[in-house]
>>> print(open('input07.cif').read())   # mmCIF, C-alpha atoms
data_query
loop_
_atom_site.label_atom_id
_atom_site.label_comp_id
_atom_site.auth_asym_id
_atom_site.auth_seq_id
_atom_site.Cartn_x
_atom_site.Cartn_y
_atom_site.Cartn_z
CA MET A 1 39.45 185.72 251.18
CA LYS A 2 39.04 182.01 250.52
CA LYS A 3 36.31 182.73 247.99
CA LYS A 4 38.65 185.09 246.08
CA ILE A 5 41.42 182.47 246.03
CA LEU A 6 39.02 179.77 244.82
CA THR A 7 37.64 182.10 242.17
CA LEU A 8 41.19 182.92 240.96
CA LEU A 9 42.16 179.25 240.79
CA PHE A 10 38.95 178.36 238.96
CA SER A 11 39.60 181.14 236.42
CA LEU A 12 43.18 179.95 235.89
CA ILE A 13 42.06 176.33 235.33
CA LEU A 14 39.36 177.49 232.91
CA CYS A 15 41.94 179.47 230.89
CA LEU A 16 44.24 176.45 230.67
CA CYS A 17 41.37 174.26 229.47
CA ILE A 18 40.62 176.74 226.67
CA VAL A 19 44.24 177.27 225.57
CA THR A 20 45.27 173.59 225.51
CA PRO A 21 42.75 172.40 222.83
CA ALA A 22 43.55 175.43 220.69
CA PHE A 23 47.28 174.66 220.83
CA ALA A 24 46.63 171.01 220.05
CA ALA A 25 44.51 171.95 217.03
CA GLN A 26 47.25 174.17 215.66
CA THR A 27 49.90 171.45 215.94
CA ASP A 28 47.68 168.57 214.78
CA GLY A 29 49.59 166.44 212.26
CA PHE A 30 52.98 167.94 213.10
CA ALA A 31 55.44 166.63 215.67
CA SER A 32 57.09 170.05 215.93
CA GLU A 33 58.12 172.99 213.78
CA TYR A 34 61.45 171.40 212.88
CA GLU A 35 60.48 167.73 212.88
CA ARG A 36 61.81 166.82 209.45
CA VAL A 37 60.14 163.40 209.36
CA GLN A 38 56.33 163.40 209.44
CA ASP A 39 55.37 159.72 209.17
CA LEU A 40 51.60 160.18 209.36
CA ALA A 41 51.02 156.91 207.46
CA GLY A 42 53.18 154.88 209.86
CA LEU A 43 55.46 153.47 207.17
CA LEU A 44 58.62 153.46 209.32
CA SER A 45 59.57 151.61 212.46
CA GLY A 46 60.71 153.59 215.49
CA ASN A 47 64.39 152.93 214.79
CA GLU A 48 64.02 153.74 211.08
CA GLU A 49 62.30 157.03 211.83
CA SER A 50 64.86 158.00 214.47
CA SER A 51 67.74 157.22 212.10
CA LEU A 52 66.13 159.23 209.30
CA VAL A 53 65.47 162.21 211.57
CA THR A 54 69.14 162.24 212.60
CA LYS A 55 70.28 162.05 208.98
CA LEU A 56 67.94 164.79 207.72
CA ASN A 57 68.81 167.09 210.64
CA GLU A 58 72.54 166.76 209.97
CA LEU A 59 72.04 167.23 206.22
CA SER A 60 69.71 170.23 206.59
CA GLU A 61 71.90 172.07 209.06
CA ARG A 62 75.12 171.38 207.14
CA GLN A 63 73.69 172.38 203.76
CA LYS A 64 71.54 175.24 205.15
CA MET A 65 68.43 173.79 203.48
CA ASP A 66 65.42 172.04 204.96
CA ILE A 67 65.01 168.47 203.65
CA VAL A 68 61.73 166.98 204.84
CA VAL A 69 60.01 163.60 204.41
CA LEU A 70 56.22 163.36 204.82
CA THR A 71 54.00 160.29 204.54
CA THR A 72 50.22 160.19 204.64
CA ASP A 73 47.41 157.72 203.99
CA THR A 74 45.05 160.41 202.64
CA LEU A 75 45.38 163.65 200.71
CA ASP A 76 42.06 164.97 202.05
CA GLY A 77 40.77 165.50 198.52
CA LYS A 78 43.76 167.61 197.45
CA THR A 79 46.24 166.99 194.67
CA PRO A 80 49.69 165.75 195.75
CA ARG A 81 51.14 169.14 194.75
CA ASP A 82 48.67 171.18 196.80
CA TYR A 83 48.94 168.88 199.80
CA ALA A 84 52.76 168.96 199.80
CA ASP A 85 52.87 172.75 199.33
CA ASP A 86 50.38 173.37 202.14
CA ILE A 87 52.23 171.12 204.58
CA TYR A 88 55.47 172.89 203.71
CA ASP A 89 53.97 176.37 204.08
CA TYR A 90 51.71 175.96 207.08
CA GLY A 91 54.10 173.60 208.85
CA ASN A 92 56.68 176.41 208.86
CA PHE A 93 59.31 174.37 207.05
CA GLY A 94 62.14 175.98 205.11
CA TYR A 95 65.60 177.24 206.03
CA GLY A 96 66.24 180.97 206.39
CA GLU A 97 64.18 183.93 205.26
CA SER A 98 63.77 182.57 201.74
CA ARG A 99 62.57 179.25 203.21
CA ASP A 100 65.03 177.17 201.20
CA GLY A 101 64.21 173.48 201.10
CA ALA A 102 62.50 170.46 199.61
CA LEU A 103 59.76 168.17 200.91
CA LEU A 104 59.18 164.62 199.72
CA LEU A 105 55.54 163.56 200.02
CA ILE A 106 54.57 159.89 199.93
CA SER A 107 50.83 159.19 199.81
CA ILE A 108 49.77 155.56 200.00
CA GLU A 109 46.18 156.53 199.18
CA ASP A 110 46.88 156.29 195.44
CA ASN A 111 50.63 155.53 195.51
CA ASP A 112 51.72 159.11 194.79
CA TRP A 113 55.11 160.69 195.33
CA TYR A 114 55.73 164.41 195.02
CA ILE A 115 58.67 166.72 195.75
CA SER A 116 57.80 170.31 196.65
CA THR A 117 60.66 172.82 196.49
CA CYS A 118 60.93 176.37 197.78
CA GLY A 119 63.48 179.18 197.80
CA TYR A 120 66.93 178.01 196.71
CA GLY A 121 65.47 174.52 196.48
CA ILE A 122 63.80 175.57 193.23
CA THR A 123 67.27 176.21 191.76
CA VAL A 124 68.81 173.04 193.18
CA PHE A 125 66.06 170.64 192.12
CA THR A 126 65.17 171.30 188.48
CA ASP A 127 62.27 169.54 186.75
CA ALA A 128 64.70 167.05 185.18
CA GLY A 129 66.47 166.58 188.50
CA ILE A 130 63.22 165.82 190.32
CA GLU A 131 62.28 163.29 187.65
CA TYR A 132 65.71 161.67 188.05
CA ILE A 133 65.31 161.42 191.84
CA GLY A 134 61.86 159.91 191.37
CA LYS A 135 63.30 157.17 189.15
CA GLN A 136 65.97 156.37 191.73
CA ILE A 137 63.54 155.89 194.63
CA LYS A 138 60.57 154.45 192.71
CA GLY A 139 61.80 150.86 192.89
CA ASP A 140 62.17 150.89 196.67
CA LEU A 141 58.80 152.61 197.09
CA SER A 142 57.07 149.99 194.93
CA ASP A 143 58.73 147.20 196.93
CA GLY A 144 57.63 148.72 200.23
CA ASN A 145 61.20 149.52 201.24
CA PHE A 146 60.31 153.02 202.41
CA ALA A 147 63.28 153.38 204.75
CA GLY A 148 65.64 152.58 201.87
CA ALA A 149 63.84 155.02 199.56
CA PHE A 150 64.03 157.85 202.10
CA ASP A 151 67.70 157.15 202.83
CA LYS A 152 68.45 157.26 199.10
CA PHE A 153 66.43 160.48 198.78
CA ALA A 154 68.54 162.12 201.50
CA ASP A 155 71.79 161.08 199.81
CA LEU A 156 70.60 162.40 196.44
CA CYS A 157 69.55 165.72 198.02
CA ASP A 158 72.99 166.08 199.55
CA ASP A 159 74.61 165.46 196.15
CA PHE A 160 72.22 167.81 194.31
CA ILE A 161 72.77 170.69 196.78
CA THR A 162 76.55 170.30 196.63
CA GLN A 163 76.45 170.21 192.83
CA ALA A 164 74.33 173.38 192.66
CA ARG A 165 76.66 175.30 195.00
CA THR A 166 79.93 174.21 193.40
CA GLY A 167 78.90 174.17 189.74
CA GLU A 168 75.78 174.04 187.64
CA PRO A 169 72.66 172.40 189.11
CA TYR A 170 71.85 168.98 187.75
CA ASP A 171 69.60 169.46 184.75
CA VAL A 172 68.66 167.99 181.39
CA LYS A 173 72.20 167.94 179.98
CA ASN A 174 74.20 167.11 183.10
CA LEU A 175 72.25 164.66 185.19
CA PRO A 176 74.23 162.25 187.40
CA LYS A 177 75.41 159.13 185.64
CA GLU A 178 73.51 156.12 186.84
CA PRO A 179 75.76 153.38 188.26
CA LEU A 180 76.28 150.35 186.01
CA SER A 181 74.55 147.27 187.34
CA LEU A 182 76.93 144.50 188.48
CA ILE A 183 75.10 142.02 186.27
CA TRP A 184 76.61 143.66 183.18
CA ILE A 185 80.21 142.86 184.23
CA PRO A 186 80.10 139.07 183.56
CA ILE A 187 77.93 139.67 180.47
CA ALA A 188 80.53 142.08 179.05
CA ILE A 189 83.34 139.59 179.75
CA VAL A 190 81.53 136.73 178.00
CA VAL A 191 80.54 138.87 175.00
CA GLY A 192 84.10 140.21 174.67
CA PHE A 193 85.58 136.71 174.81
CA VAL A 194 83.20 135.36 172.16
CA LEU A 195 83.82 138.31 169.84
CA SER A 196 87.58 137.96 170.21
CA LEU A 197 87.37 134.25 169.27
CA ILE A 198 85.32 135.08 166.17
CA ILE A 199 87.65 137.88 165.02
CA VAL A 200 90.87 135.97 165.66
CA GLY A 201 89.45 132.84 164.03
CA ASN A 202 88.47 134.80 160.93
CA MET A 203 91.93 136.39 160.68
CA LYS A 204 93.60 133.00 161.08
CA ALA A 205 91.50 131.50 158.30
CA LYS A 206 92.61 134.20 155.85
CA LEU A 207 96.29 133.49 156.54
CA LYS A 208 96.29 129.83 155.53
CA THR A 209 97.75 130.58 152.05
CA VAL A 210 100.56 132.72 153.40
CA ARG A 211 104.07 131.18 153.38
CA PHE A 212 107.24 132.50 154.92
CA GLN A 213 109.53 134.45 152.51
CA ALA A 214 113.16 135.25 153.25
CA ALA A 215 113.07 138.38 151.05
CA ALA A 216 110.60 140.70 149.33
CA SER A 217 111.91 140.21 145.81
CA ASN A 218 108.97 138.00 144.81
CA TYR A 219 106.60 140.92 145.36
CA ILE A 220 108.39 143.25 142.90
CA LYS A 221 108.11 142.94 139.14
CA ASP A 222 111.42 143.35 137.34
CA ASN A 223 112.06 146.87 135.92
CA SER A 224 108.65 148.04 137.13
CA LEU A 225 110.04 150.74 139.40
CA ASN A 226 112.31 153.42 137.95
CA ILE A 227 112.46 156.75 139.82
CA ASN A 228 114.29 159.53 137.89
CA GLU A 229 113.01 162.68 139.59
CA ARG A 230 111.19 163.64 142.80
CA ARG A 231 109.42 166.94 143.50
CA ASP A 232 106.81 168.24 145.95
CA LEU A 233 104.19 170.41 144.25
CA PHE A 234 101.61 172.38 146.20
CA LEU A 235 98.42 172.35 144.19
CA TYR A 236 95.67 173.95 146.32
CA ASN A 237 94.07 173.99 149.74
CA THR A 238 90.47 173.95 150.85
CA VAL A 239 89.18 175.64 154.02
CA THR A 240 85.78 174.62 155.35
CA ARG A 241 84.16 176.69 158.10
CA THR A 242 81.32 175.35 160.24
CA GLU A 243 79.46 177.56 162.67
CA LYS A 244 79.86 176.46 166.28
CA PRO A 245 76.49 175.35 167.66
CA LYS A 246 75.04 177.72 170.21
CA ASN A 247 74.12 176.47 173.65
CA ASP A 248 70.47 175.53 173.74
CA ASP A 249 69.12 175.67 177.27
CA SER A 250 65.53 175.05 176.25
CA GLY A 251 63.73 172.39 178.22
CA GLY A 252 65.80 172.83 181.38
CA GLY A 253 65.35 174.67 184.65
CA SER A 254 62.46 174.58 187.08
CA SER A 255 58.81 175.35 186.45
CA THR A 256 57.10 177.18 189.32
CA HIS A 257 53.61 177.81 190.68
CA THR A 258 52.00 179.67 193.56
CA SER A 259 50.57 177.78 196.53
CA SER A 260 47.44 178.65 198.49
CA SER A 261 49.54 180.73 200.90
CA GLY A 262 50.92 182.82 198.05
CA THR A 263 54.37 181.20 198.22
CA THR A 264 56.29 180.31 195.05
CA HIS A 265 57.09 176.62 194.73
CA GLY A 266 58.69 174.29 192.25
CA GLY A 267 58.20 170.56 192.19
CA GLY A 268 57.12 167.43 190.42
CA GLY A 269 56.01 163.89 191.10
CA GLY A 270 54.46 160.69 189.85
CA LYS A 271 53.20 157.23 190.81
CA PHE A 272 54.98 154.25 192.34
#
>>> encode(input="input07.cif", output="structure tokens")
Amino acid sequence: MKKKILTLLFSLILCLCIVTPAFAAQTDGFASEYERVQDLAGLLSGNEESSLVTKLNELSERQKMDIVVLTTDTLDGKTPRDYADDIYDYGNFGYGESRDGALLLISIEDNDWYISTCGYGITVFTDAGIEYIGKQIKGDLSDGNFAGAFDKFADLCDDFITQARTGEPYDVKNLPKEPLSLIWIPIAIVVGFVLSLIIVGNMKAKLKTVRFQAAASNYIKDNSLNINERRDLFLYNTVTRTEKPKNDDSGGGSSTHTSSSGTTHGGGGGKF
């Protein structure tokens, strides 16, 4: 009896030893299925990562789209596009059956950034929109302010999703207006003041020969104005018609491609 019990326990322990490495291999590189921050390159502090996870979870659940941030120190020989797409696909990211979402990849191997989109994310983040987001976060990425870049990325995603659901997605002809730098405020004041001095000074110089006159009689030549008859005569009219320009949507929208898993993705990226 004891031998049977020992044999059963030994078999159970052997099974656990086999299953555990297999499970670890499958989840290698991923904190969990819905861990929306994968800081494999260790660019964030513990507090920064925790804060970003909270922000992306709230954003993703409220907007019904997965917004993910991934950092890595190597692309394993892949292009940024293929690496980002594979992590998105095989990491089981994406909200709903259509796997709506966007993943921001930051690779410090060659200073690459790439945004992979899927499902409704392809509609939300057009090629022009992705380029715009890249410009907004590039400065912080170059300065090493990764937490600031990711926070800005989350805010932009929130704005882009809201815009797409309440109107037309941000695209070539309706990108967000970039905020005016505060440095231009004092410059505009100084330039305006200088121009006003020049204009007023020029006007004042032209009025030096003008003298006050009590009446306008000096400006009228005697017997030069003699009105005997007044009539309004319609001579002709001219109508000019110009064709209204048609809307030209060329150059907008999102380009797509198929990943190694057979999933359709949009996206774009660059260097920082």
>>> closest_residue(input="input07.cif", among="A:Asp89, A:Asp82, A:Asp66, A:Glu109", to="Ala41 in chain A", atoms="only C-alpha atoms")
A:Glu109
>>> closest_residue(input="input07.cif", among="A:Ser255, A:Asp86, A:Asp151, A:Gly192", to="Thr54 in chain A", atoms="all atoms listed in the file")
A:Asp151
>>> closest_residue(input="input07.cif", among="A:Ile115, A:Asp127, A:Ala84, A:Lys64", to="Val172 in chain A", atoms="all atoms listed in the file")
A:Asp127
>>> closest_residue(input="input07.cif", among="A:Gly94, A:Val190, A:Lys78, A:Asn47", to="Glu35 in chain A", atoms="only C-alpha atoms")
A:Gly94
>>> closest_residue(input="input07.cif", among="A:Val124, A:Val53, A:Leu44, A:Ala205", to="Asp100 in chain A", atoms="all atoms listed in the file")
A:Val124
>>> closest_residue(input="input07.cif", among="A:Glu61, A:Gly268, A:Asp158, A:Tyr114", to="Thr256 in chain A", atoms="all atoms listed in the file")
A:Gly268
>>> atom_distance(input="input07.cif", atom1="CA of Ala149 in chain A", atom2="CA of Gly101 in chain A")
18.5 Å
>>> residues_around(input="input07.cif", residues="range 134-147 of chain A", least_positions_apart="6", cutoff="7 Å", atoms="all atoms listed in the file", output="PDB file with C-alpha atoms, keeping the file's coordinate frame")
ATOM      1  CA  LEU A  43      55.460 153.470 207.170  1.00  0.00           C
ATOM      2  CA  LEU A  44      58.620 153.460 209.320  1.00  0.00           C
ATOM      3  CA  GLU A  48      64.020 153.740 211.080  1.00  0.00           C
ATOM      4  CA  PHE A 153      66.430 160.480 198.780  1.00  0.00           C
ATOM      5  CA  PHE A 272      54.980 154.250 192.340  1.00  0.00           C
TER       6      PHE A 272
END
>>> residues_near_point(input="input07.cif", point="(47.9, 174.3, 199.7)", cutoff="12 Å", atoms="all atoms listed in the file", output="list in words")
Leu75, Asp76, Gly77, Lys78, Thr79, Pro80, Arg81, Asp82, Tyr83, Ala84, Asp85, Asp86, Ile87, Tyr88, Asp89, Tyr90, Gly91, Ser116, His257, Thr258, Ser259, Ser260, Ser261, Gly262, Thr263, Thr264 and His265 of chain A
>>> atom_distance(input="input07.cif", atom1="CA of Trp113 in chain A", atom2="CA of Lys271 in chain A")
6.0 Å
>>> atom_distance(input="input07.cif", atom1="CA of Glu243 in chain A", atom2="CA of Glu168 in chain A")
25.5 Å
>>> residues_around(input="input07.cif", residues="Ile106 in chain A", least_positions_apart="5", cutoff="8 Å", atoms="all atoms listed in the file", output="PyMOL selection string")
chain A and resi 69-72+111-114
>>> residues_near_point(input="input07.cif", point="(67.9, 161.3, 204.1)", cutoff="10 Å", atoms="all atoms listed in the file", output="PyMOL selection string")
chain A and resi 36-37+51-60+67-69+147-158
>>> residues_around(input="input07.cif", residues="Arg99 in chain A", least_positions_apart="5", cutoff="9 Å", atoms="only C-alpha atoms", output="JSON, numbers by chain")
{"A": [65, 66, 92, 93, 94, 118, 119, 120, 121]}
